[in-house]
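J.: Data: work-v8.tsv, TSV, C-alpha atoms.
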chain	number	residue	atom	x	y	z
A	162	MET	CA	1.86	27.72	-20.95
A	163	VAL	CA	-0.90	27.70	-18.35
A	164	LEU	CA	-2.71	25.13	-20.46
A	165	GLU	CA	0.35	22.85	-20.49
A	166	ILE	CA	0.64	23.11	-16.70
A	167	ILE	CA	-3.03	22.16	-16.26
A	168	ILE	CA	-2.79	19.18	-18.62
A	169	SER	CA	0.47	17.99	-17.03
A	170	ALA	CA	-1.06	18.30	-13.56
A	171	PHE	CA	-4.03	16.19	-14.64
A	172	ILE	CA	-1.73	13.51	-16.10
A	173	VAL	CA	0.56	13.40	-13.06
A	174	ILE	CA	-2.33	13.25	-10.57
A	175	ALA	CA	-3.97	10.52	-12.64
A	176	GLY	CA	-0.74	8.53	-12.66
A	177	ILE	CA	-0.43	8.80	-8.88
A	178	PHE	CA	-4.04	7.67	-8.42
A	179	GLY	CA	-3.52	4.71	-10.75
A	180	LEU	CA	-0.39	3.66	-8.93
A	181	VAL	CA	-2.14	3.95	-5.54
A	182	GLY	CA	-4.98	1.78	-6.81
A	183	SER	CA	-2.63	-0.93	-8.02
A	184	LEU	CA	-0.53	-0.68	-4.85
A	185	GLY	CA	-3.63	-1.26	-2.76
A	186	ILE	CA	-4.12	-4.61	-4.48
A	187	ILE	CA	-0.73	-5.71	-3.14
A	188	LYS	CA	-0.74	-3.94	0.20
A	189	LEU	CA	-4.18	-4.62	1.68
A	190	GLN	CA	-4.65	-7.77	3.68
A	191	HIS	CA	-8.09	-9.19	2.93
A	192	THR	CA	-9.93	-9.75	-0.34
A	193	MET	CA	-12.87	-7.59	0.65
A	194	GLN	CA	-10.45	-4.78	1.56
A	195	ARG	CA	-8.58	-5.23	-1.71
A	196	LEU	CA	-11.84	-4.66	-3.56
A	197	HIS	CA	-11.78	-0.98	-2.55
A	198	ALA	CA	-8.47	0.04	-4.12
A	199	PRO	CA	-8.96	-0.59	-7.85
A	200	THR	CA	-12.65	0.18	-8.04
A	201	LYS	CA	-12.18	3.67	-6.63
A	202	ALA	CA	-8.61	4.90	-7.06
A	203	THR	CA	-7.84	3.36	-10.45
A	204	THR	CA	-11.16	4.44	-11.92
A	205	LEU	CA	-10.45	8.00	-10.76
A	206	GLY	CA	-6.99	7.76	-12.30
A	207	VAL	CA	-8.40	6.75	-15.68
A	208	GLY	CA	-10.91	9.61	-15.38
A	209	GLY	CA	-8.04	12.04	-14.90
A	210	VAL	CA	-6.19	10.68	-17.95
A	211	LEU	CA	-9.34	10.99	-20.06
A	212	ILE	CA	-9.96	14.59	-18.94
A	213	ALA	CA	-6.33	15.43	-19.76
A	214	SER	CA	-6.74	13.83	-23.20
A	215	MET	CA	-9.93	15.80	-23.83
A	216	LEU	CA	-8.26	19.08	-22.83
A	217	TYR	CA	-5.19	18.31	-24.94
A	218	PHE	CA	-7.09	17.46	-28.11
A	219	GLY	CA	-9.62	20.24	-27.60
A	220	LEU	CA	-7.42	23.16	-26.64
A	221	VAL	CA	-3.95	22.32	-28.00
A	222	LYS	CA	-4.83	20.37	-31.16
A	223	GLY	CA	-8.04	22.26	-31.82
A	224	GLN	CA	-10.24	19.22	-32.44
A	225	LEU	CA	-12.64	19.18	-29.52
A	226	SER	CA	-14.45	15.88	-28.95
A	227	PHE	CA	-16.53	14.53	-26.13
A	228	HIS	CA	-15.73	10.89	-26.94
A	229	GLU	CA	-13.48	10.64	-23.93
A	230	LEU	CA	-16.37	11.53	-21.67
A	231	LEU	CA	-18.13	8.44	-23.03
A	232	ILE	CA	-15.32	6.15	-21.83
A	233	THR	CA	-15.27	7.94	-18.47
A	234	LEU	CA	-19.02	7.50	-18.10
A	235	PHE	CA	-18.80	3.83	-19.14
A	236	LEU	CA	-16.03	3.09	-16.64
A	237	PHE	CA	-17.78	4.96	-13.82
A	238	LEU	CA	-20.96	3.00	-14.52
A	239	THR	CA	-19.37	-0.43	-14.83
A	240	ALA	CA	-16.84	-0.31	-11.97
A	241	PRO	CA	-19.47	-0.81	-9.21
A	242	ILE	CA	-21.11	-3.62	-11.19
A	243	SER	CA	-17.81	-5.49	-11.54
A	244	ALA	CA	-17.06	-4.92	-7.84
A	245	HIS	CA	-20.48	-6.27	-6.90
A	246	PHE	CA	-19.97	-9.41	-8.99
A	247	ILE	CA	-16.49	-10.00	-7.56
A	248	ALA	CA	-17.81	-9.56	-4.02
A	249	LYS	CA	-20.56	-12.10	-4.74
A	250	THR	CA	-17.98	-14.53	-6.10
A	251	PHE	CA	-15.90	-14.15	-2.95
A	252	LEU	CA	-18.93	-14.55	-0.67
A	253	GLN	CA	-20.13	-17.68	-2.40
A	254	ALA	CA	-16.71	-19.33	-2.22
A	255	ASN	CA	-15.67	-18.39	1.32
A	256	ILE	CA	-18.61	-17.40	3.54
A	257	PRO	CA	-21.14	-20.08	4.57
A	258	ALA	CA	-24.80	-19.12	4.18
A	259	LYS	CA	-25.52	-19.41	7.90
A	260	ASP	CA	-23.16	-16.49	8.64
A	261	LEU	CA	-25.38	-14.09	6.71
A	262	PRO	CA	-28.35	-12.29	8.28
A	263	PRO	CA	-31.82	-13.44	7.19
A	264	THR	CA	-33.28	-11.75	4.13
A	265	GLN	CA	-36.70	-11.13	5.78
A	266	SER	CA	-38.52	-12.33	2.69
A	267	GLU	CA	-39.68	-15.68	1.41
A	268	TYR	CA	-36.57	-16.12	-0.75
A	269	GLY	CA	-32.98	-16.68	0.38
A	270	TRP	CA	-29.85	-14.85	-0.68
A	271	SER	CA	-29.53	-14.99	-4.44
A	272	VAL	CA	-26.01	-16.41	-4.48
A	273	TYR	CA	-26.85	-19.41	-2.31
A	274	VAL	CA	-30.39	-20.28	-3.35
A	275	ASP	CA	-31.57	-21.11	-6.85
A	276	PRO	CA	-33.87	-18.51	-8.45
A	277	PRO	CA	-37.59	-19.10	-7.92
A	278	LYS	CA	-39.30	-21.11	-10.65
A	279	ARG	CA	-41.24	-19.04	-13.15
A	280	GLU	CA	-44.39	-20.05	-14.95
A	281	PRO	CA	-43.47	-21.75	-18.24
A	282	ASP	CA	-45.47	-19.29	-20.34
A	283	GLU	CA	-42.57	-17.77	-22.24
A	284	ASP	CA	-41.44	-20.98	-23.92
B	271	MET	CA	6.39	19.60	-19.84
B	272	ILE	CA	3.59	17.40	-21.11
B	273	THR	CA	6.24	14.95	-22.29
B	274	SER	CA	7.72	14.63	-18.79
B	275	ALA	CA	4.25	14.20	-17.27
B	276	LEU	CA	3.47	11.52	-19.87
B	277	ILE	CA	6.67	9.61	-19.06
B	278	PHE	CA	5.85	9.78	-15.34
B	279	ALA	CA	2.31	8.50	-15.93
B	280	PHE	CA	3.61	5.73	-18.24
B	281	GLY	CA	5.88	4.63	-15.39
B	282	CYS	CA	3.06	4.73	-12.84
B	283	PHE	CA	0.61	2.68	-14.90
B	284	GLY	CA	3.31	0.24	-16.05
B	285	LEU	CA	4.33	-0.37	-12.45
B	286	GLY	CA	0.66	-0.82	-11.62
B	287	LEU	CA	0.43	-3.52	-14.31
B	288	LEU	CA	3.39	-5.35	-12.73
B	289	LEU	CA	1.76	-5.20	-9.28
B	290	ASN	CA	-1.47	-6.61	-10.75
B	291	LEU	CA	0.51	-9.44	-12.36
B	292	TRP	CA	1.99	-10.22	-8.94
B	293	ARG	CA	-1.51	-10.46	-7.47
B	294	ILE	CA	-2.65	-12.71	-10.31
B	295	ALA	CA	0.30	-15.04	-9.72
B	296	THR	CA	-0.01	-15.24	-5.92
B	297	GLY	CA	-3.66	-14.41	-5.29
B	298	PRO	CA	-5.05	-16.88	-2.75
B	299	ASP	CA	-8.58	-16.76	-4.14
B	300	THR	CA	-10.33	-16.72	-7.50
B	301	ALA	CA	-11.94	-13.38	-6.64
B	302	ASP	CA	-8.48	-11.84	-6.20
B	303	ARG	CA	-7.45	-12.97	-9.65
B	304	ILE	CA	-10.62	-11.65	-11.29
B	305	LEU	CA	-10.13	-8.34	-9.49
B	306	ALA	CA	-6.50	-8.09	-10.61
B	307	LEU	CA	-7.47	-8.87	-14.22
B	308	ASP	CA	-10.17	-6.16	-14.09
B	309	THR	CA	-7.62	-3.66	-12.77
B	310	MET	CA	-5.20	-4.67	-15.52
B	311	VAL	CA	-7.84	-3.83	-18.12
B	312	ILE	CA	-8.36	-0.39	-16.57
B	313	ASN	CA	-4.60	0.26	-16.48
B	314	ILE	CA	-4.30	-0.77	-20.12
B	315	ILE	CA	-7.06	1.69	-21.07
B	316	ALA	CA	-5.12	4.46	-19.34
B	317	LEU	CA	-1.90	3.42	-21.12
B	318	LEU	CA	-3.65	3.42	-24.51
B	319	ILE	CA	-5.03	6.93	-24.00
B	320	LEU	CA	-1.67	8.21	-22.79
B	321	TYR	CA	-0.09	6.72	-25.92
B	322	GLY	CA	-2.72	8.54	-27.98
B	323	ILE	CA	-1.70	11.85	-26.38
B	324	TRP	CA	1.96	10.94	-26.95
B	325	GLN	CA	1.39	10.28	-30.66
B	326	GLY	CA	-1.07	13.15	-31.08
B	327	THR	CA	-3.75	11.05	-32.79
B	328	ALA	CA	-7.30	10.30	-31.70
B	329	VAL	CA	-7.17	6.77	-33.18
B	330	TYR	CA	-6.37	5.13	-29.87
B	331	TYR	CA	-9.63	6.40	-28.42
B	332	GLU	CA	-11.53	3.74	-30.42
B	333	ALA	CA	-9.18	1.00	-29.25
B	334	SER	CA	-9.57	2.01	-25.61
B	335	MET	CA	-13.36	2.08	-25.95
B	336	LEU	CA	-13.29	-1.49	-27.30
B	337	VAL	CA	-10.92	-2.62	-24.56
B	338	ALA	CA	-13.21	-1.07	-21.91
B	339	MET	CA	-16.28	-2.91	-23.24
B	340	VAL	CA	-14.54	-6.26	-23.68
B	341	GLY	CA	-12.96	-5.95	-20.24
B	342	PHE	CA	-16.28	-5.35	-18.51
B	343	VAL	CA	-18.02	-8.19	-20.34
B	344	SER	CA	-15.18	-10.61	-19.61
B	345	THR	CA	-15.16	-9.71	-15.92
B	346	VAL	CA	-18.89	-10.31	-15.64
B	347	ALA	CA	-18.65	-13.55	-17.63
B	348	TYR	CA	-15.81	-14.87	-15.47
B	349	CYS	CA	-17.75	-14.03	-12.28
B	350	ARG	CA	-20.93	-15.65	-13.61
B	351	PHE	CA	-19.00	-18.77	-14.55
B	352	VAL	CA	-17.47	-19.07	-11.08
B	353	LEU	CA	-20.78	-18.27	-9.38
B	354	ARG	CA	-23.23	-20.44	-11.31
B	355	GLY	CA	-21.13	-22.72	-13.51
B	356	ASP	CA	-22.79	-21.17	-16.54
B	357	ILE	CA	-22.59	-17.75	-18.14
B	358	ILE	CA	-26.09	-17.33	-19.58
B	359	GLU	CA	-28.72	-19.51	-17.91
Could you write out this structure as structure tokens?
T.:
Amino acid sequence: MVLEIIISAFIVIAGIFGLVGSLGIIKLQHTMQRLHAPTKATTLGVGGVLIASMLYFGLVKGQLSFHELLITLFLFLTAPISAHFIAKTFLQANIPAKDLPPTQSEYGWSVYVDPPKREPDED
Amino acid sequence: MITSALIFAFGCFGLGLLLNLWRIATGPDTADRILALDTMVINIIALLILYGIWQGTAVYYEASMLVAMVGFVSTVAYCRFVLRGDIIE
């Protein structure tokens, strides 16, 4: 009984977090603000669902597996990378290069300037 | 009790999918659409795992793992294409 309450609480909290993350995509005003909602809230929601699944299969069904932790780890690792790429896409399309601060190195910002030429020794 | 919680979570993530579709349809920028597609993939992973709990089988774990990997790769590929006009330079 206690186990069912814990699993149900995980599922309900995860559902609320997922809904908040998707609501933020509609509600927030600017693209850079919208980037916050799914990368944090929805990822946490999926983490809650995966923990509930792990508890259910491990303690109710009796077949404990840590596969779900793999998905959680994968999502937690890849969410910031996707957010970084989307932010770069937005910057390149909407912000002119002169609005950015200088990089204080001999190369410019990577989105706006072509990568430096390498020596052709690998070909 | 778990059944009621599952129905509630199905409703939450399904509604989230609809909201993401709205952002894809009206998003003013390409970055908004990529972001909404990425969120859709994450919501679909959650729905698949909830369906696995509902059915009581661990088969859907494999499907959600594949969806997670394909979703991440497609997001990065879409962003690279918009950024550089080429996916692998």
J.: Mind pulling up the distance from atom CA of B:Gly284 to atom CA of B:Leu317?
T.: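 Separation between atom CA of B:Leu317 and atom CA of B:Gly284: 7.9 Å.
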J.: Counting all atoms listed in the file, which residues from chain A have an atom at most 9 Å from any atom of chain B, and could you show them as a VMD selection string?
T.: chain A and resid 165 to 166 168 to 184 186 to 187 192 195 to 196 199 to 200 203 to 204 206 to 208 210 to 211 213 to 214 217 to 218 222 228 to 229 231 to 232 235 to 236 239 to 240 242 to 244 246 to 251 253 to 254 272
J.: To one decimal in Å, tell me the separation between atom CA of B:Gly355 and atom CA of A:Gln265.
T.: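 Distance between the two atoms: 27.4 Å.
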J.: Would you compute, for all listed atoms of stretch 222-232 of chain A, the axis-aligned bounding box grown by 6 Å on each side, and then report its centre and edge lengths in Å rounded to one decimal, as JSON?
T.:
{"center_x": -11.5, "center_y": 14.2, "center_z": -27.1, "size_x": 25.3, "size_y": 28.1, "size_z": 22.8}
J.: So how far away is atom CA of A:Pro257 from atom CA of A:Lys201, in Å?
T.: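 Computing the Euclidean distance for atom CA of A:Lys201 and atom CA of A:Pro257 yields 27.7 Å.
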J.: Got a sec: who's within 8 Å of A:Tyr268, counting only C-alpha atoms, leaving out chain neighbours fewer than 3 positions off, as a PyMOL selection string?
T.: chain A and resi 264+274+277
J.: Which of these, A:Leu230, A:Met193, A:Gly269, A:Gln224, has the shortest distance to A:Ile256 once you count all atoms listed in the file?
T.: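 Closest candidate: A:Met193.
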